[in-house]
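Listing of model38.cif, mmCIF, C-alpha atoms
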```cif
data_final
loop_
_atom_site.label_atom_id
_atom_site.label_comp_id
_atom_site.auth_asym_id
_atom_site.auth_seq_id
_atom_site.Cartn_x
_atom_site.Cartn_y
_atom_site.Cartn_z
CA MET A 1 8.89 33.06 237.87
CA LYS A 2 11.96 33.59 235.66
CA LEU A 3 12.58 32.94 231.99
CA ILE A 4 16.10 32.63 230.60
CA SER A 5 17.47 31.62 227.22
CA GLY A 6 20.53 29.99 225.77
CA ASN A 7 22.01 30.98 222.43
CA SER A 8 20.44 28.27 220.28
CA ASN A 9 17.31 30.18 219.28
CA LEU A 10 17.06 33.65 220.80
CA ASP A 11 14.41 34.70 218.27
CA LEU A 12 12.03 31.99 219.52
CA SER A 13 12.87 32.77 223.16
CA ASN A 14 11.98 36.44 222.64
CA LEU A 15 8.69 35.50 220.98
CA ILE A 16 7.83 33.15 223.86
CA ALA A 17 8.64 35.86 226.42
CA GLU A 18 6.53 38.35 224.48
CA SER A 19 3.60 35.93 224.27
CA ILE A 20 3.40 35.62 228.06
CA ASP A 21 4.46 39.20 228.82
CA ILE A 22 7.64 38.30 230.72
CA THR A 23 11.09 39.78 230.17
CA LEU A 24 13.95 37.36 229.64
CA SER A 25 16.36 37.43 232.58
CA ALA A 26 19.86 38.68 231.89
CA VAL A 27 22.44 35.95 231.38
CA ASN A 28 25.92 36.15 229.93
CA ILE A 29 26.98 33.06 227.99
CA GLY A 30 30.48 33.02 226.60
CA ARG A 31 33.53 30.85 226.11
CA PHE A 32 36.87 30.58 227.81
CA ALA A 33 39.94 30.67 225.57
CA ASP A 34 39.90 26.88 225.21
CA GLY A 35 36.23 26.78 224.22
CA GLU A 36 34.70 25.86 227.58
CA VAL A 37 31.22 27.27 228.21
CA ARG A 38 31.09 30.16 230.66
CA VAL A 39 27.74 31.21 232.17
CA GLU A 40 26.92 34.13 234.45
CA ILE A 41 23.29 34.73 235.49
CA ASN A 42 22.75 38.34 236.50
CA ASP A 43 19.31 38.09 238.16
CA ASN A 44 18.46 36.71 241.59
CA MET A 45 17.15 33.14 241.12
CA ARG A 46 16.72 32.10 244.76
CA GLY A 47 13.34 30.44 245.27
CA GLN A 48 12.23 31.12 241.68
CA ASP A 49 10.38 28.87 239.25
CA VAL A 50 12.86 29.04 236.34
CA PHE A 51 12.34 28.03 232.71
CA ILE A 52 15.41 27.66 230.46
CA ILE A 53 14.68 27.81 226.72
CA GLN A 54 17.31 26.00 224.68
CA SER A 55 16.98 23.75 221.63
CA THR A 56 19.75 21.17 221.35
CA SER A 57 20.11 21.83 217.63
CA SER A 58 23.23 22.52 215.57
CA PRO A 59 25.86 23.00 216.91
CA VAL A 60 24.31 20.25 218.99
CA ASN A 61 27.10 19.60 221.46
CA ASP A 62 27.71 23.30 222.16
CA ASN A 63 24.02 23.97 222.75
CA LEU A 64 23.62 20.88 224.92
CA MET A 65 26.61 21.88 227.05
CA GLU A 66 25.23 25.43 227.40
CA LEU A 67 21.98 23.97 228.68
CA LEU A 68 23.72 21.70 231.19
CA VAL A 69 25.92 24.49 232.53
CA MET A 70 22.94 26.86 232.87
CA ILE A 71 21.01 24.20 234.78
CA ASP A 72 23.95 23.70 237.13
CA ALA A 73 24.28 27.45 237.66
CA LEU A 74 20.59 27.71 238.56
CA LYS A 75 20.74 24.76 240.92
CA ARG A 76 23.67 26.37 242.76
CA ALA A 77 21.75 29.68 242.79
CA SER A 78 18.98 27.95 244.82
CA ALA A 79 16.26 28.08 242.16
CA ARG A 80 13.11 26.42 243.52
CA ARG A 81 12.34 24.51 240.31
CA ILE A 82 14.22 24.28 237.02
CA THR A 83 12.31 23.40 233.86
CA ALA A 84 14.36 22.77 230.73
CA VAL A 85 12.26 23.96 227.78
CA ILE A 86 13.78 22.09 224.83
CA PRO A 87 11.73 22.84 221.69
CA TYR A 88 13.94 20.48 219.67
CA PHE A 89 15.37 17.55 221.63
CA GLY A 90 18.64 16.52 219.97
CA TYR A 91 19.99 12.95 219.97
CA ALA A 92 16.38 11.69 219.98
CA ARG A 93 16.96 9.63 216.82
CA GLN A 94 19.23 7.26 218.75
CA ASP A 95 16.54 5.90 221.06
CA ARG A 96 17.34 2.16 220.83
CA LYS A 97 20.09 -0.19 219.74
CA THR A 98 19.73 -0.72 216.00
CA MET A 99 22.99 -2.67 215.69
CA SER A 100 25.59 -4.32 217.89
CA ARG A 101 27.66 -2.02 220.10
CA ALA A 102 25.53 1.05 219.31
CA PRO A 103 24.72 3.68 221.96
CA ILE A 104 21.32 4.80 223.16
CA SER A 105 22.20 8.48 223.11
CA ALA A 106 18.70 9.70 224.00
CA LYS A 107 18.98 7.91 227.35
CA LEU A 108 22.46 9.39 227.89
CA VAL A 109 21.16 12.93 227.32
CA ALA A 110 18.23 12.24 229.67
CA ASN A 111 20.70 11.19 232.36
CA LEU A 112 22.84 14.28 231.80
CA LEU A 113 19.89 16.65 232.12
CA THR A 114 18.65 14.95 235.27
CA SER A 115 22.10 14.80 236.86
CA ALA A 116 22.71 18.48 236.06
CA GLY A 117 19.67 19.36 238.17
CA ALA A 118 16.66 19.76 235.86
CA ASN A 119 13.38 19.14 237.70
CA ARG A 120 11.16 19.00 234.63
CA ILE A 121 11.38 18.82 230.82
CA LEU A 122 9.11 20.57 228.32
CA THR A 123 9.64 19.65 224.67
CA VAL A 124 7.84 19.51 221.33
CA ASP A 125 7.18 16.42 219.18
CA LEU A 126 9.70 13.95 220.55
CA HIS A 127 10.99 11.76 217.75
CA ALA A 128 10.00 8.69 219.77
CA GLY A 129 7.43 8.80 222.56
CA GLN A 130 9.26 6.20 224.64
CA ILE A 131 12.03 8.75 225.34
CA GLN A 132 9.75 10.13 228.05
CA GLY A 133 10.44 6.91 229.94
CA PHE A 134 14.19 7.58 229.88
CA PHE A 135 13.65 10.35 232.45
CA ASP A 136 12.97 9.98 236.15
CA ILE A 137 11.51 13.50 236.23
CA PRO A 138 8.24 14.76 234.67
CA VAL A 139 8.30 15.26 230.89
CA ASP A 140 5.64 17.31 229.09
CA THR A 141 5.56 16.75 225.33
CA LEU A 142 3.68 19.26 223.22
CA ILE A 143 2.62 18.45 219.66
CA ALA A 144 2.90 20.99 216.88
CA ARG A 145 -0.17 19.65 215.10
CA PRO A 146 -2.62 22.35 216.34
CA VAL A 147 -0.31 25.10 215.04
CA LEU A 148 0.20 23.37 211.69
CA ILE A 149 -3.50 22.58 211.31
CA ASP A 150 -4.31 26.25 211.85
CA ASP A 151 -1.94 27.12 209.01
CA ILE A 152 -3.38 24.41 206.73
CA ARG A 153 -6.91 25.73 207.27
CA ASN A 154 -5.76 29.19 206.25
CA GLN A 155 -4.03 27.87 203.12
CA ILE A 156 -6.45 25.35 201.60
CA ASN A 157 -8.89 26.54 198.98
CA GLY A 158 -11.30 23.70 198.33
CA GLU A 159 -8.64 21.12 197.42
CA GLN A 160 -9.22 17.44 198.08
CA LEU A 161 -6.56 16.66 200.66
CA VAL A 162 -4.76 13.48 201.57
CA PHE A 163 -2.19 13.42 204.38
CA VAL A 164 0.93 11.40 203.70
CA SER A 165 3.34 9.72 206.09
CA PRO A 166 6.86 9.46 204.63
CA ASP A 167 7.33 6.10 206.38
CA ALA A 168 5.36 3.45 208.23
CA GLY A 169 6.41 4.83 211.62
CA GLY A 170 4.61 8.13 211.03
CA THR A 171 1.24 6.61 210.16
CA GLU A 172 -0.37 7.66 213.45
CA ARG A 173 0.82 11.25 212.94
CA ALA A 174 -0.73 11.38 209.47
CA ARG A 175 -3.95 9.85 210.78
CA GLY A 176 -4.12 12.50 213.51
CA PHE A 177 -4.03 15.23 210.86
CA ALA A 178 -6.48 13.42 208.58
CA LYS A 179 -9.10 13.09 211.34
CA LYS A 180 -9.23 16.87 211.69
CA PHE A 181 -10.13 17.22 208.01
CA ASP A 182 -12.20 14.04 207.68
CA THR A 183 -9.99 12.75 204.89
CA GLU A 184 -7.70 9.82 204.10
CA ILE A 185 -4.02 9.02 204.51
CA ALA A 186 -1.32 7.49 202.35
CA VAL A 187 2.01 5.97 203.34
CA ILE A 188 5.33 5.97 201.51
CA ASP A 189 6.96 2.55 201.49
CA LYS A 190 10.71 3.13 201.45
CA ARG A 191 13.95 1.68 202.64
CA ARG A 192 16.90 3.57 204.10
CA PRO A 193 20.20 2.04 202.89
CA GLU A 194 22.22 4.36 205.17
CA PRO A 195 21.56 7.23 207.62
CA GLY A 196 20.46 10.38 205.81
CA ALA A 197 19.66 8.52 202.58
CA SER A 198 16.33 7.09 201.45
CA GLN A 199 14.84 5.39 198.44
CA VAL A 200 11.10 5.44 197.87
CA MET A 201 9.63 2.12 196.84
CA HIS A 202 5.93 2.85 196.25
CA VAL A 203 2.88 4.69 197.56
CA VAL A 204 0.29 2.90 199.70
CA GLY A 205 -3.06 4.65 199.31
CA ASP A 206 -5.02 6.60 196.72
CA VAL A 207 -3.50 9.99 195.90
CA LYS A 208 -4.76 10.41 192.34
CA ASP A 209 -6.18 13.90 191.73
CA ARG A 210 -5.52 14.87 195.36
CA GLU A 211 -3.46 17.61 197.00
CA CYS A 212 -0.92 15.74 199.14
CA LEU A 213 0.37 17.09 202.46
CA ILE A 214 3.37 15.19 203.80
CA VAL A 215 3.59 15.45 207.61
CA ASP A 216 6.70 14.54 209.58
CA ASP A 217 8.51 15.52 212.78
CA ILE A 218 12.03 16.03 211.42
CA CYS A 219 13.46 17.10 208.07
CA ASP A 220 17.24 16.64 207.96
CA SER A 221 18.73 16.20 204.49
CA ALA A 222 15.28 16.35 202.80
CA GLY A 223 16.04 13.23 200.79
CA THR A 224 12.94 11.45 202.09
CA LEU A 225 10.69 14.45 201.39
CA CYS A 226 11.91 15.04 197.86
CA HIS A 227 11.75 11.37 196.87
CA ALA A 228 8.30 11.09 198.43
CA ALA A 229 7.02 14.19 196.62
CA GLN A 230 8.18 12.81 193.27
CA ALA A 231 6.59 9.43 193.97
CA LEU A 232 3.27 11.09 194.84
CA LEU A 233 3.23 13.09 191.61
CA ASN A 234 4.09 9.93 189.68
CA ASN A 235 0.99 8.37 191.24
CA GLY A 236 -1.31 11.16 190.08
CA ALA A 237 -1.22 13.75 192.88
CA THR A 238 -2.06 17.28 191.77
CA GLY A 239 0.53 18.87 194.08
CA VAL A 240 2.64 18.18 197.14
CA LYS A 241 3.41 20.26 200.21
CA ALA A 242 5.16 19.26 203.44
CA TYR A 243 4.48 20.23 207.05
CA ILE A 244 7.42 19.61 209.37
CA THR A 245 7.87 20.28 213.09
CA HIS A 246 11.66 20.38 213.31
CA GLY A 247 13.56 21.83 210.36
CA VAL A 248 17.07 20.49 210.96
CA LEU A 249 17.68 21.25 207.25
CA THR A 250 21.36 20.51 206.85
CA PRO A 251 23.13 22.30 203.95
CA ALA A 252 22.43 19.42 201.55
CA ALA A 253 18.69 20.00 202.05
CA ASP A 254 18.63 23.46 200.48
CA ASP A 255 19.50 22.39 196.94
CA ARG A 256 17.26 19.35 197.15
CA ILE A 257 14.25 21.37 198.24
CA PHE A 258 14.93 24.14 195.71
CA ASN A 259 15.13 21.63 192.83
CA SER A 260 12.33 19.36 194.06
CA VAL A 261 8.71 19.14 192.90
CA LEU A 262 7.55 20.25 196.35
CA LYS A 263 5.35 23.34 196.13
CA GLU A 264 6.18 24.38 199.69
CA ILE A 265 7.62 23.11 202.95
CA VAL A 266 6.20 24.65 206.14
CA VAL A 267 8.38 24.37 209.25
CA THR A 268 7.93 25.53 212.84
CA ASP A 269 10.62 27.68 214.43
CA THR A 270 11.79 25.15 217.06
CA ILE A 271 15.18 25.35 215.30
CA LYS A 272 16.67 28.63 214.13
CA SER A 273 17.40 28.79 210.42
CA ALA A 274 21.15 28.72 209.83
CA ARG A 275 21.17 29.40 206.08
CA ASN A 276 22.58 32.61 204.67
CA MET A 277 19.80 33.05 202.12
CA GLU A 278 16.12 32.21 202.27
CA ILE A 279 14.48 29.73 199.89
CA ASP A 280 11.04 30.67 198.63
CA LYS A 281 9.77 27.11 199.07
CA ILE A 282 10.52 27.13 202.82
CA ARG A 283 8.13 29.01 205.10
CA TYR A 284 8.25 29.23 208.89
CA VAL A 285 5.35 29.36 211.33
CA SER A 286 5.93 30.18 214.99
CA ILE A 287 5.25 27.80 217.83
CA ALA A 288 6.03 30.45 220.46
CA THR A 289 2.43 30.96 221.62
CA LEU A 290 1.93 27.23 222.22
CA ILE A 291 5.15 26.95 224.25
CA GLY A 292 4.32 30.13 226.15
CA LYS A 293 0.90 28.76 227.14
CA ALA A 294 2.52 25.52 228.30
CA ILE A 295 5.06 27.41 230.42
CA MET A 296 2.28 29.38 232.11
CA ASN A 297 0.23 26.23 232.72
CA ILE A 298 3.20 24.50 234.33
CA HIS A 299 3.94 27.54 236.48
CA ASN A 300 0.30 27.78 237.57
CA GLU A 301 0.02 24.00 238.13
CA LYS A 302 -2.55 23.61 235.34
CA SER A 303 -2.92 20.85 232.78
CA VAL A 304 -0.62 20.93 229.75
CA SER A 305 -2.56 18.27 227.83
CA THR A 306 -5.46 20.70 227.30
CA LEU A 307 -3.21 22.57 224.85
CA LEU A 308 -3.22 19.59 222.50
CA ALA A 309 -6.75 20.44 221.34
CA ASP A 310 -7.18 22.36 218.10
CA ASP A 311 -7.75 25.89 219.33
CA ASN A 312 -6.93 25.85 223.06
CA TRP A 313 -3.36 26.99 222.39
CA LYS A 314 -4.72 30.28 220.99
CA ALA A 315 -7.28 30.95 223.74
#
```

Can you give me the file's structure in the form of structure tokens?
Amino acid sequence: MKLISGNSNLDLSNLIAESIDITLSAVNIGRFADGEVRVEINDNMRGQDVFIIQSTSSPVNDNLMELLVMIDALKRASARRITAVIPYFGYARQDRKTMSRAPISAKLVANLLTSAGANRILTVDLHAGQIQGFFDIPVDTLIARPVLIDDIRNQINGEQLVFVSPDAGGTERARGFAKKFDTEIAVIDKRRPEPGASQVMHVVGDVKDRECLIVDDICDSAGTLCHAAQALLNNGATGVKAYITHGVLTPAADDRIFNSVLKEIVVTDTIKSARNMEIDKIRYVSIATLIGKAIMNIHNEKSVSTLLADDNWKA
């Protein structure tokens, strides 16, 4: 078994390697003078079960190309099986045609990964579950909920909780959290006039005198979160926090979060923070142990779905 990493999130890769007591294999990733990706793998990969850890986060195209070139290098090095471990799967938000002459980029990326030579995909909280069907190879999708629930349990102090979905599409996610705490959910009714912009309409559900926890898979510009937090307070919530799997957090998000009524936003480390200074309201929790367990289960031909239970990922 071999574990290698691209440049997208070396901190997470090192934590994953540490969690399963395996050393990352040596790989040199550079650029030619014209910007082309250059990869040189220094370890013998013949007959090995290889896992490549690479989020396709910003710079998305560079990181995606690194991943494709590494897969090709491993295929030509006679690796027995190549699993692309993609904690954050980029281009997942374009999973269907929403207007005439629009692409389905998630399907395009699935084709690229398969054509490059990946035998299996391991990812976390796909933006849309149907993306699994875009692949003709096995796809294992982990959910970050057990890790986030563990953090919530350590943070709550007798508050009456209500889990909030920032849109109708995330209702099932909020319900999944609420079941673990035997509490209720609320939904933000909003419209999105353009990509990256949102306007909250009203809150569906009772949030009066409750501590609200917004749960979502992706936070990009944070417009949805900040509008939702204000709407919840306007409807009588005592406080608002957010739990997010993928912190894309573009530069516009920093000021919005800093000036928002959010008490805290908790994000997993599927995407490496790119900001120059930390914001007190943003806190990271690591998903490395969960991914490490999944890698070992795949290598040992064990079930990955058992890790979706509350505490199995820590066992």

Non-local contacts of Pro146 in chain A (10 Å; all atoms listed in the file; under 2 positions in same chain excluded) as an MDAnalysis selection string | chainID A and resid 142:144 148:152 177 180 287 290 307:314

Please provide as a PyMOL selection string all residues within 9 Å of range 263-278 of chain A, with the sequence filter that same-chain residues fewer than 2 positions apart are discarded (counting all atoms listed in the file).
-> chain A and resi 8-12+55-58+86-88+124+144+147-148+151+219+239-251+254+257+260-261+280-288

Between A:Leu68, A:Thr183, A:Thr98, A:Val139, which has the minimum distance to Ser115 in chain A (counting all atoms listed in the file)?
->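 Nearest candidate to Ser115 in chain A out of A:Leu68, A:Thr183, A:Thr98, A:Val139: A:Leu68.
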
What is the distance between CA of Asp220 in chain A and CA of Asn14 in chain A, in Å to one decimal?
-> 25.2 Å

From the list A:Ala84, A:Ile214, A:Ile16, A:Ile131, which residue is nearest Ala186 in chain A when using all atoms listed in the file?
->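 Once distances to Ala186 in chain A are computed over all atoms listed in the file, the minimum belongs to A:Ile214.
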
Please return, as a ChimeraX atom specification, all polymer residues that have at least one atom within 7 Å of the point (11.3, 24.2, 243.2); use only C-alpha atoms and the file's own coordinate frame.
-> /A:47,49,79-82

Proximity to Gly35 in chain A - best of A:Met65, A:Ile20, A:Ala252, A:Leu232, all atoms listed in the file =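 Selected residue with least distance to Gly35 in chain A: A:Met65.
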
Go through the shown structure with the PyMOL selection byres ((chain A and resi 210) around 12) and write out the matching residues as a list in words.
->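 With the shown file as input, the PyMOL selection byres ((chain A and resi 210) around 12) matches Gly158, Glu159, Gln160, Leu161, Val162, Phe163, Val164, Thr183, Glu184, Ile185, Ala186, Gly205, Asp206, Val207, Lys208, Asp209, Glu211, Cys212, Leu213, Leu232, Leu233, Asn235, Gly236, Ala237, Thr238, Gly239, Val240 and Lys241 of chain A.
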
Closest to Leu24 in chain A among A:Val39, A:Ile156, A:Val69, A:Met1, using only C-alpha atoms?
-> A:Met1

Select, from A:Leu15, A:Leu113, A:Leu122, A:Ala228, the residue with the minimum atom-to-atom distance to Asp216 in chain A, counting all atoms listed in the file.
-> A:Ala228

Which residue out of A:Asp136, A:Asp34, A:Glu18, A:Glu172 has the minimum interatomic distance to Ala110 in chain A when all atoms listed in the file are used?
->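 Using all atoms listed in the file, Ala110 in chain A sits closest to A:Asp136.
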
Grab the CA of Ala77 in chain A to CA of Val60 in chain A distance for me, in Å with one decimal place.
->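 Between CA of Ala77 in chain A and CA of Val60 in chain A the gap works out to 25.7 Å.
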